[in-house]
$ cat protein16.txt   # compact mmCIF, C-alpha atoms and all ligand atoms
# COMPACT_ATOMS: atom_id res chain seq x y z
CA MET H 1 27.03 -5.94 -20.35
CA ILE H 2 23.32 -6.22 -21.09
CA PRO H 3 21.18 -6.07 -17.90
CA LYS H 4 19.69 -9.52 -17.19
CA ILE H 5 16.31 -10.29 -15.66
CA LEU H 6 14.90 -13.59 -14.46
CA VAL H 7 11.19 -14.02 -15.14
CA ILE H 8 9.33 -16.62 -13.08
CA ALA H 9 5.86 -16.78 -14.60
CA GLY H 10 3.25 -18.64 -16.64
CA SER H 11 3.02 -19.20 -20.39
CA ASP H 12 0.30 -17.57 -22.53
CA PRO H 13 0.35 -19.32 -25.92
CA SER H 14 -1.51 -16.39 -27.55
CA SER H 15 1.54 -14.32 -26.53
CA GLY H 16 -0.50 -11.36 -25.27
CA ALA H 17 0.41 -11.88 -21.62
CA GLY H 18 2.62 -14.13 -19.47
CA ILE H 19 6.18 -15.14 -20.25
CA GLN H 20 5.75 -14.27 -23.93
CA ALA H 21 4.85 -10.64 -23.13
CA ASP H 22 7.70 -10.53 -20.61
CA ILE H 23 10.26 -11.59 -23.22
CA LYS H 24 8.96 -9.03 -25.73
CA THR H 25 9.13 -6.31 -23.06
CA ALA H 26 12.67 -7.27 -22.07
CA PHE H 27 13.80 -7.26 -25.71
CA ALA H 28 12.18 -3.89 -26.47
CA ASN H 29 13.74 -2.42 -23.32
CA LYS H 30 17.20 -3.70 -24.24
CA THR H 31 17.57 -6.24 -21.46
CA TYR H 32 17.95 -10.04 -21.51
CA ALA H 33 15.19 -12.23 -20.05
CA ALA H 34 15.73 -15.77 -18.82
CA THR H 35 12.47 -17.56 -17.99
CA ALA H 36 11.39 -20.24 -15.52
CA ILE H 37 7.88 -21.43 -16.32
CA THR H 38 5.50 -22.00 -13.40
CA CYS H 39 2.59 -23.19 -15.50
CA MET H 40 1.30 -23.44 -19.02
CA THR H 41 -2.12 -22.11 -19.91
CA ALA H 42 -4.29 -23.11 -22.86
CA GLN H 43 -5.39 -19.60 -23.73
CA ASN H 44 -6.36 -17.34 -26.60
CA THR H 45 -7.28 -13.65 -26.74
CA LYS H 46 -10.79 -14.49 -25.47
CA ALA H 47 -10.25 -16.73 -22.41
CA VAL H 48 -8.09 -19.11 -20.40
CA PHE H 49 -9.35 -22.65 -21.09
CA ALA H 50 -7.02 -24.78 -18.96
CA ILE H 51 -3.95 -24.56 -16.73
CA GLN H 52 -1.19 -27.17 -16.40
CA ASN H 53 1.25 -26.49 -13.56
CA SER H 54 4.94 -27.37 -13.75
CA SER H 55 5.81 -30.02 -11.17
CA ILE H 56 7.47 -28.52 -8.12
CA ASP H 57 10.68 -30.50 -8.75
CA PHE H 58 10.89 -29.35 -12.34
CA LEU H 59 10.17 -25.71 -11.48
CA LYS H 60 12.84 -25.89 -8.79
CA GLN H 61 15.33 -27.32 -11.28
CA GLN H 62 14.61 -24.59 -13.85
CA ILE H 63 15.28 -21.87 -11.28
CA GLU H 64 18.30 -23.56 -9.66
CA VAL H 65 20.16 -24.14 -12.94
CA LEU H 66 19.61 -20.50 -13.90
CA PHE H 67 20.89 -19.21 -10.55
CA ALA H 68 23.93 -21.52 -10.84
CA ASP H 69 24.83 -19.97 -14.19
CA ILE H 70 23.63 -16.38 -14.55
CA SER H 71 23.80 -13.38 -12.22
CA PHE H 72 20.59 -11.43 -12.49
CA ASP H 73 20.03 -7.72 -12.04
CA ALA H 74 16.32 -8.07 -11.26
CA ILE H 75 13.66 -10.76 -10.93
CA LYS H 76 10.08 -10.47 -12.16
CA ILE H 77 7.46 -12.79 -10.73
CA GLY H 78 4.20 -13.29 -12.60
CA MET H 79 1.55 -16.01 -12.47
CA LEU H 80 2.13 -18.61 -9.75
CA GLY H 81 -1.25 -20.33 -9.51
CA THR H 82 -0.99 -22.45 -6.36
CA THR H 83 0.21 -22.40 -2.77
CA GLU H 84 2.81 -25.10 -3.54
CA ILE H 85 4.34 -23.02 -6.35
CA ILE H 86 4.35 -19.89 -4.15
CA ASN H 87 6.13 -21.78 -1.37
CA CYS H 88 8.66 -23.29 -3.79
CA VAL H 89 9.47 -19.91 -5.38
CA GLY H 90 9.58 -18.22 -1.96
CA ASP H 91 12.09 -20.77 -0.61
CA LEU H 92 14.33 -20.54 -3.68
CA LEU H 93 14.36 -16.76 -3.69
CA LYS H 94 15.15 -16.62 0.01
CA LYS H 95 18.11 -18.92 -0.60
CA ASN H 96 19.46 -17.47 -3.84
CA ALA H 97 18.26 -13.93 -4.32
CA ARG H 98 18.77 -12.00 -1.13
CA LYS H 99 20.35 -9.04 -2.92
CA ILE H 100 18.42 -9.06 -6.20
CA PRO H 101 15.43 -6.67 -6.49
CA ILE H 102 12.21 -8.65 -6.91
CA ILE H 103 9.32 -7.17 -8.87
CA LEU H 104 6.26 -9.07 -7.67
CA ASP H 105 3.18 -8.90 -9.88
CA SER H 106 0.24 -10.11 -7.79
CA VAL H 107 -1.43 -12.02 -10.65
CA MET H 108 -4.84 -13.23 -9.46
CA VAL H 109 -7.55 -12.76 -12.10
CA ALA H 110 -7.21 -12.26 -15.87
CA THR H 111 -8.95 -9.46 -17.82
CA SER H 112 -11.22 -12.22 -19.15
CA GLY H 113 -12.32 -12.95 -15.55
CA ASP H 114 -10.48 -16.28 -15.38
CA ILE H 115 -8.91 -17.14 -12.01
CA LEU H 116 -5.10 -17.32 -12.15
CA LEU H 117 -4.36 -17.79 -8.44
CA GLU H 118 -6.33 -20.22 -6.28
CA GLU H 119 -8.13 -18.38 -3.48
CA LYS H 120 -6.48 -20.29 -0.66
CA ALA H 121 -3.03 -19.25 -1.96
CA VAL H 122 -3.51 -15.57 -1.11
CA GLU H 123 -2.31 -16.01 2.48
CA SER H 124 0.93 -17.71 1.37
CA PHE H 125 1.41 -15.01 -1.24
CA ILE H 126 1.22 -12.41 1.54
CA SER H 127 3.37 -14.25 4.08
CA ARG H 128 5.98 -15.93 1.84
CA LEU H 129 6.46 -13.58 -1.13
CA ALA H 130 5.37 -10.05 -0.21
CA PRO H 131 8.19 -9.65 2.38
CA LEU H 132 10.78 -10.48 -0.31
CA ALA H 133 9.49 -7.94 -2.82
CA TYR H 134 11.26 -4.73 -3.80
CA ILE H 135 7.95 -3.69 -5.34
CA ILE H 136 4.54 -5.33 -5.52
CA THR H 137 2.16 -4.23 -8.30
CA PRO H 138 -1.52 -5.06 -7.67
CA ASN H 139 -4.36 -3.73 -9.80
CA ILE H 140 -7.46 -2.43 -8.00
CA PHE H 141 -9.12 -5.86 -7.69
CA GLU H 142 -5.95 -7.50 -6.38
CA ALA H 143 -5.33 -4.61 -3.99
CA GLU H 144 -8.88 -5.04 -2.64
CA ILE H 145 -8.17 -8.71 -1.95
CA LEU H 146 -4.74 -8.08 -0.41
CA ALA H 147 -5.78 -5.08 1.72
CA LYS H 148 -9.21 -6.55 2.52
CA MET H 149 -11.05 -3.31 1.66
CA LYS H 150 -13.08 -1.70 -1.14
CA ILE H 151 -11.21 0.81 -3.30
CA LYS H 152 -13.24 3.57 -4.94
CA ASN H 153 -10.94 6.61 -5.10
CA LEU H 154 -7.38 7.89 -4.65
CA ASN H 155 -7.63 8.02 -0.85
CA ASP H 156 -8.71 4.36 -0.76
CA MET H 157 -5.77 3.52 -3.05
CA LYS H 158 -3.36 5.24 -0.66
CA LEU H 159 -4.80 3.44 2.36
CA ALA H 160 -4.65 0.09 0.56
CA ALA H 161 -1.03 0.78 -0.47
CA THR H 162 -0.14 1.43 3.17
CA LYS H 163 -1.81 -1.80 4.28
CA ILE H 164 -0.08 -3.83 1.55
CA LYS H 165 3.31 -2.26 2.35
CA ALA H 166 2.88 -3.54 5.92
CA PHE H 167 3.27 -7.10 4.55
CA GLY H 168 6.93 -6.24 3.99
CA ALA H 169 7.31 -5.09 0.36
CA LYS H 170 9.62 -2.07 0.10
CA ASN H 171 7.47 -0.26 -2.47
CA VAL H 172 3.87 -0.68 -3.59
CA LEU H 173 2.30 0.36 -6.90
CA ILE H 174 -1.49 0.26 -7.08
CA LYS H 175 -2.54 0.41 -10.72
CA GLY H 176 -5.58 2.59 -11.31
CA GLY H 177 -6.63 1.23 -14.71
CA HIS H 178 -9.87 -0.27 -13.40
CA LEU H 179 -11.12 2.90 -11.67
CA ASN H 180 -12.94 5.80 -13.32
CA PHE H 181 -11.16 9.11 -12.77
CA LYS H 182 -12.15 12.60 -13.92
CA ASN H 183 -10.72 14.08 -17.15
CA GLU H 184 -10.28 10.69 -18.84
CA LYS H 185 -7.11 9.99 -16.89
CA ILE H 186 -5.75 6.87 -15.26
CA ILE H 187 -3.93 7.46 -11.99
CA SER H 188 -1.76 4.87 -10.27
CA ILE H 189 -0.31 5.32 -6.79
CA LEU H 190 3.29 4.50 -5.91
CA LEU H 191 4.10 4.29 -2.21
CA ASP H 192 7.88 4.31 -1.92
CA GLU H 193 10.43 3.12 0.61
CA LYS H 194 10.40 6.46 2.42
CA ASN H 195 6.58 6.35 2.65
CA ASN H 196 6.13 9.07 0.04
CA PHE H 197 3.14 8.80 -2.31
CA HIS H 198 3.59 9.51 -6.03
CA GLU H 199 0.77 9.85 -8.53
CA ILE H 200 1.62 8.34 -11.90
CA SER H 201 -0.92 9.24 -14.53
CA ASN H 202 -1.60 8.96 -18.21
CA LYS H 203 -4.46 9.58 -20.61
CA LYS H 204 -7.04 6.78 -20.67
CA ILE H 205 -7.08 4.99 -24.00
CA LYS H 206 -10.67 4.12 -24.77
CA GLY H 207 -11.77 1.05 -26.61
CA GLU H 208 -11.75 -2.66 -26.11
CA ASN H 209 -9.98 -4.64 -23.41
CA PHE H 210 -6.23 -4.88 -23.65
CA HIS H 211 -4.57 -8.15 -22.78
CA GLY H 212 -1.17 -8.30 -21.07
CA THR H 213 -0.88 -4.80 -19.65
CA GLY H 214 -0.12 -5.96 -16.09
CA CYS H 215 2.56 -8.45 -17.14
CA THR H 216 4.13 -5.86 -19.42
CA LEU H 217 4.19 -3.13 -16.77
CA ALA H 218 5.84 -5.33 -14.13
CA SER H 219 8.41 -6.56 -16.66
CA ALA H 220 9.17 -3.04 -17.84
CA ILE H 221 9.70 -2.01 -14.19
CA ALA H 222 12.06 -5.02 -13.78
CA CYS H 223 14.01 -3.93 -16.89
CA ASN H 224 14.33 -0.38 -15.57
CA ILE H 225 15.38 -1.54 -12.11
CA ALA H 226 17.94 -3.86 -13.76
CA LYS H 227 19.26 -0.70 -15.47
CA LYS H 228 19.65 0.83 -11.97
CA MET H 229 16.93 3.47 -12.22
CA ASN H 230 15.34 4.57 -8.95
CA ILE H 231 11.86 3.24 -8.23
CA GLU H 232 9.97 6.38 -9.21
CA THR H 233 11.74 6.78 -12.56
CA ALA H 234 11.54 3.04 -13.23
CA THR H 235 7.79 3.06 -12.61
CA ARG H 236 7.04 6.24 -14.58
CA LYS H 237 9.08 5.05 -17.57
CA ALA H 238 7.46 1.59 -17.45
CA ASN H 239 4.04 3.26 -17.36
CA GLN H 240 4.96 5.27 -20.47
CA TYR H 241 6.18 2.08 -22.17
CA VAL H 242 2.84 0.35 -21.53
CA TYR H 243 0.96 3.45 -22.75
CA ARG H 244 2.95 3.54 -26.00
CA SER H 245 2.47 -0.21 -26.49
CA ILE H 246 -1.31 0.15 -25.97
CA VAL H 247 -1.40 2.94 -28.56
CA LYS H 248 0.28 0.50 -30.97
CA ASN H 249 -2.20 -2.30 -30.10
CA LEU H 250 -2.76 -5.22 -32.44
CA LYS H 251 -5.98 -7.07 -33.19
CA ILE H 252 -4.64 -10.58 -33.64
CA GLY H 253 -7.69 -12.62 -32.63
CA LYS H 254 -11.39 -12.33 -31.86
CA GLY H 255 -10.97 -11.25 -28.20
CA SER H 256 -8.90 -8.63 -26.36
CA LEU H 257 -6.35 -6.56 -28.21
CA VAL H 258 -2.68 -7.25 -27.53
CA LEU H 259 0.08 -4.70 -27.06
CA GLY H 260 2.43 -3.63 -29.83
CA HIS H 261 5.81 -3.70 -28.12
N1 LIG K 301 -2.02 -15.53 -18.65
C1 LIG K 301 -0.91 -15.46 -17.96
C2 LIG K 301 0.07 -16.59 -18.07
C3 LIG K 301 -0.67 -14.34 -17.15
O1 LIG K 301 0.45 -14.26 -16.43
C4 LIG K 301 -1.63 -13.30 -17.10
C5 LIG K 301 -1.43 -12.12 -16.27
O2 LIG K 301 -0.50 -11.92 -15.58
C6 LIG K 301 -2.77 -13.41 -17.85
C7 LIG K 301 -2.94 -14.54 -18.62
C8 LIG K 301 -3.82 -12.37 -17.86
O3 LIG K 301 -3.44 -11.22 -18.48
P1 LIG K 301 -4.53 -10.09 -18.75
O4 LIG K 301 -5.29 -9.91 -17.47
O5 LIG K 301 -3.77 -8.89 -19.11
O6 LIG K 301 -5.42 -10.59 -19.84

$ encode --input "protein16.txt" --output "structure tokens" --more "lines below"
Ligand code: PLP
Amino acid sequence: MIPKILVIAGSDPSSGAGIQADIKTAFANKTYAATAITCMTAQNTKAVFAIQNSSIDFLKQQIEVLFADISFDAIKIGMLGTTEIINCVGDLLKKNARKIPIILDSVMVATSGDILLEEKAVESFISRLAPLAYIITPNIFEAEILAKMKIKNLNDMKLAATKIKAFGAKNVLIKGGHLNFKNEKIISILLDEKNNFHEISNKKIKGENFHGTGCTLASAIACNIAKKMNIETATRKANQYVYRSIVKNLKIGKGSLVLGH
């Protein structure tokens, strides 16, 4: 049986990020993705121009009909946008997904600088969703917001991971892509269930901005968890998948490059 993941996330019509990147990642990693759409963006490779949220009733219906029909091996959560959507998703997951590992991507700001989560929603994100997460995957900027501290080096990343884990997520991955490390490396920090730190590193690929890396990484972790890998292997393999997809990047528009899955 093919491993099945449920993706609850937003749509990116340029297909670099969001649900579209999640589906490509699931397909390339030999899993099946069902998708419940939280919001639609009007977006190209340069910027996000507008956001249209699904109504709460309709989002609820999308998720409920999927749970009534399909048993999922993992759930990936991407862009949520508002407090109401966070609360709706939190309630549904609490009711229907107690035993399914949840990969929670703390989507807040796009590479383009556009805001993807309203500021006042951060507290609900922390109180309603973080405790349900098997792993939460902030980048440096998101980790700074969640942990309420500046992050400049590996020690700061470890401290922030500890603070974020205290919200209730079993594992925390802080992605190092936005920090400058020595030797042209990128180092991410995984803090696991047993409170062990793991450094996950790869060579930095220079060049323009890449669009959709965060969505793709969280989805690839969800695929690997659905295939029953342990968290460290799932995260390392997902990191390698993103690296390979960045190497195969595509210039499809005038803005950021997209990943070649
Ligand atoms: N659009 C949607 C719907 C997203 O979910 C995300 C990120 O999760 C983005 C845009 C931004 O992606 P990036 O920061 O990689 O450009």

$ residues_around --input "protein16.txt" --residues "H:Lys152" --least-positions-apart "3" --cutoff "9 Å" --atoms "all atoms listed in the file" --output "VMD selection string"
chain H and resid 140 155 to 157 179 to 180

$ closest_residue --input "protein16.txt" --among "H:Ser71, H:Asn44, H:Asn224, H:Ser11" --to "H:Ala28" --atoms "all atoms listed in the file"
H:Asn224

$ closest_residue --input "protein16.txt" --among "H:Pro101, H:Pro3, H:Gly255, H:Gly214" --to "H:Lys30" --atoms "only C-alpha atoms"
H:Pro3

$ closest_residue --input "protein16.txt" --among "H:Glu232, H:Asp57, H:Asp73, H:Glu64" --to "H:Ile85" --atoms "only C-alpha atoms"
H:Asp57

$ closest_residue --input "protein16.txt" --among "H:Lys251, H:Lys95, H:Lys4, H:His211" --to "H:Val48" --atoms "only C-alpha atoms"
H:His211

$ residues_near_ligand --input "protein16.txt" --ligand "ligand LIG 301 (chain K)" --cutoff "9 Å" --atoms "all atoms listed in the file" --output "ChimeraX atom specification"
/H:9-21,38-43,45-48,78-80,105-114,116,209-216,256,258

$ write_last_selection --input "protein16.txt" --atoms "C-alpha atoms" --output "PDB file, keeping the file's coordinate frame"
ATOM      1  CA  ALA H   9       5.860 -16.780 -14.600  1.00  0.00           C
ATOM      2  CA  GLY H  10       3.250 -18.640 -16.640  1.00  0.00           C
ATOM      3  CA  SER H  11       3.020 -19.200 -20.390  1.00  0.00           C
ATOM      4  CA  ASP H  12       0.300 -17.570 -22.530  1.00  0.00           C
ATOM      5  CA  PRO H  13       0.350 -19.320 -25.920  1.00  0.00           C
ATOM      6  CA  SER H  14      -1.510 -16.390 -27.550  1.00  0.00           C
ATOM      7  CA  SER H  15       1.540 -14.320 -26.530  1.00  0.00           C
ATOM      8  CA  GLY H  16      -0.500 -11.360 -25.270  1.00  0.00           C
ATOM      9  CA  ALA H  17       0.410 -11.880 -21.620  1.00  0.00           C
ATOM     10  CA  GLY H  18       2.620 -14.130 -19.470  1.00  0.00           C
ATOM     11  CA  ILE H  19       6.180 -15.140 -20.250  1.00  0.00           C
ATOM     12  CA  GLN H  20       5.750 -14.270 -23.930  1.00  0.00           C
ATOM     13  CA  ALA H  21       4.850 -10.640 -23.130  1.00  0.00           C
ATOM     14  CA  THR H  38       5.500 -22.000 -13.400  1.00  0.00           C
ATOM     15  CA  CYS H  39       2.590 -23.190 -15.500  1.00  0.00           C
ATOM     16  CA  MET H  40       1.300 -23.440 -19.020  1.00  0.00           C
ATOM     17  CA  THR H  41      -2.120 -22.110 -19.910  1.00  0.00           C
ATOM     18  CA  ALA H  42      -4.290 -23.110 -22.860  1.00  0.00           C
ATOM     19  CA  GLN H  43      -5.390 -19.600 -23.730  1.00  0.00           C
ATOM     20  CA  THR H  45      -7.280 -13.650 -26.740  1.00  0.00           C
ATOM     21  CA  LYS H  46     -10.790 -14.490 -25.470  1.00  0.00           C
ATOM     22  CA  ALA H  47     -10.250 -16.730 -22.410  1.00  0.00           C
ATOM     23  CA  VAL H  48      -8.090 -19.110 -20.400  1.00  0.00           C
ATOM     24  CA  GLY H  78       4.200 -13.290 -12.600  1.00  0.00           C
ATOM     25  CA  MET H  79       1.550 -16.010 -12.470  1.00  0.00           C
ATOM     26  CA  LEU H  80       2.130 -18.610  -9.750  1.00  0.00           C
ATOM     27  CA  ASP H 105       3.180  -8.900  -9.880  1.00  0.00           C
ATOM     28  CA  SER H 106       0.240 -10.110  -7.790  1.00  0.00           C
ATOM     29  CA  VAL H 107      -1.430 -12.020 -10.650  1.00  0.00           C
ATOM     30  CA  MET H 108      -4.840 -13.230  -9.460  1.00  0.00           C
ATOM     31  CA  VAL H 109      -7.550 -12.760 -12.100  1.00  0.00           C
ATOM     32  CA  ALA H 110      -7.210 -12.260 -15.870  1.00  0.00           C
ATOM     33  CA  THR H 111      -8.950  -9.460 -17.820  1.00  0.00           C
ATOM     34  CA  SER H 112     -11.220 -12.220 -19.150  1.00  0.00           C
ATOM     35  CA  GLY H 113     -12.320 -12.950 -15.550  1.00  0.00           C
ATOM     36  CA  ASP H 114     -10.480 -16.280 -15.380  1.00  0.00           C
ATOM     37  CA  LEU H 116      -5.100 -17.320 -12.150  1.00  0.00           C
ATOM     38  CA  ASN H 209      -9.980  -4.640 -23.410  1.00  0.00           C
ATOM     39  CA  PHE H 210      -6.230  -4.880 -23.650  1.00  0.00           C
ATOM     40  CA  HIS H 211      -4.570  -8.150 -22.780  1.00  0.00           C
ATOM     41  CA  GLY H 212      -1.170  -8.300 -21.070  1.00  0.00           C
ATOM     42  CA  THR H 213      -0.880  -4.800 -19.650  1.00  0.00           C
ATOM     43  CA  GLY H 214      -0.120  -5.960 -16.090  1.00  0.00           C
ATOM     44  CA  CYS H 215       2.560  -8.450 -17.140  1.00  0.00           C
ATOM     45  CA  THR H 216       4.130  -5.860 -19.420  1.00  0.00           C
ATOM     46  CA  SER H 256      -8.900  -8.630 -26.360  1.00  0.00           C
ATOM     47  CA  VAL H 258      -2.680  -7.250 -27.530  1.00  0.00           C
TER      48      VAL H 258
END

$ closest_residue --input "protein16.txt" --among "H:Ala74, H:Ala160, H:Cys88, H:Tyr241" --to "H:Lys228" --atoms "all atoms listed in the file"
H:Ala74
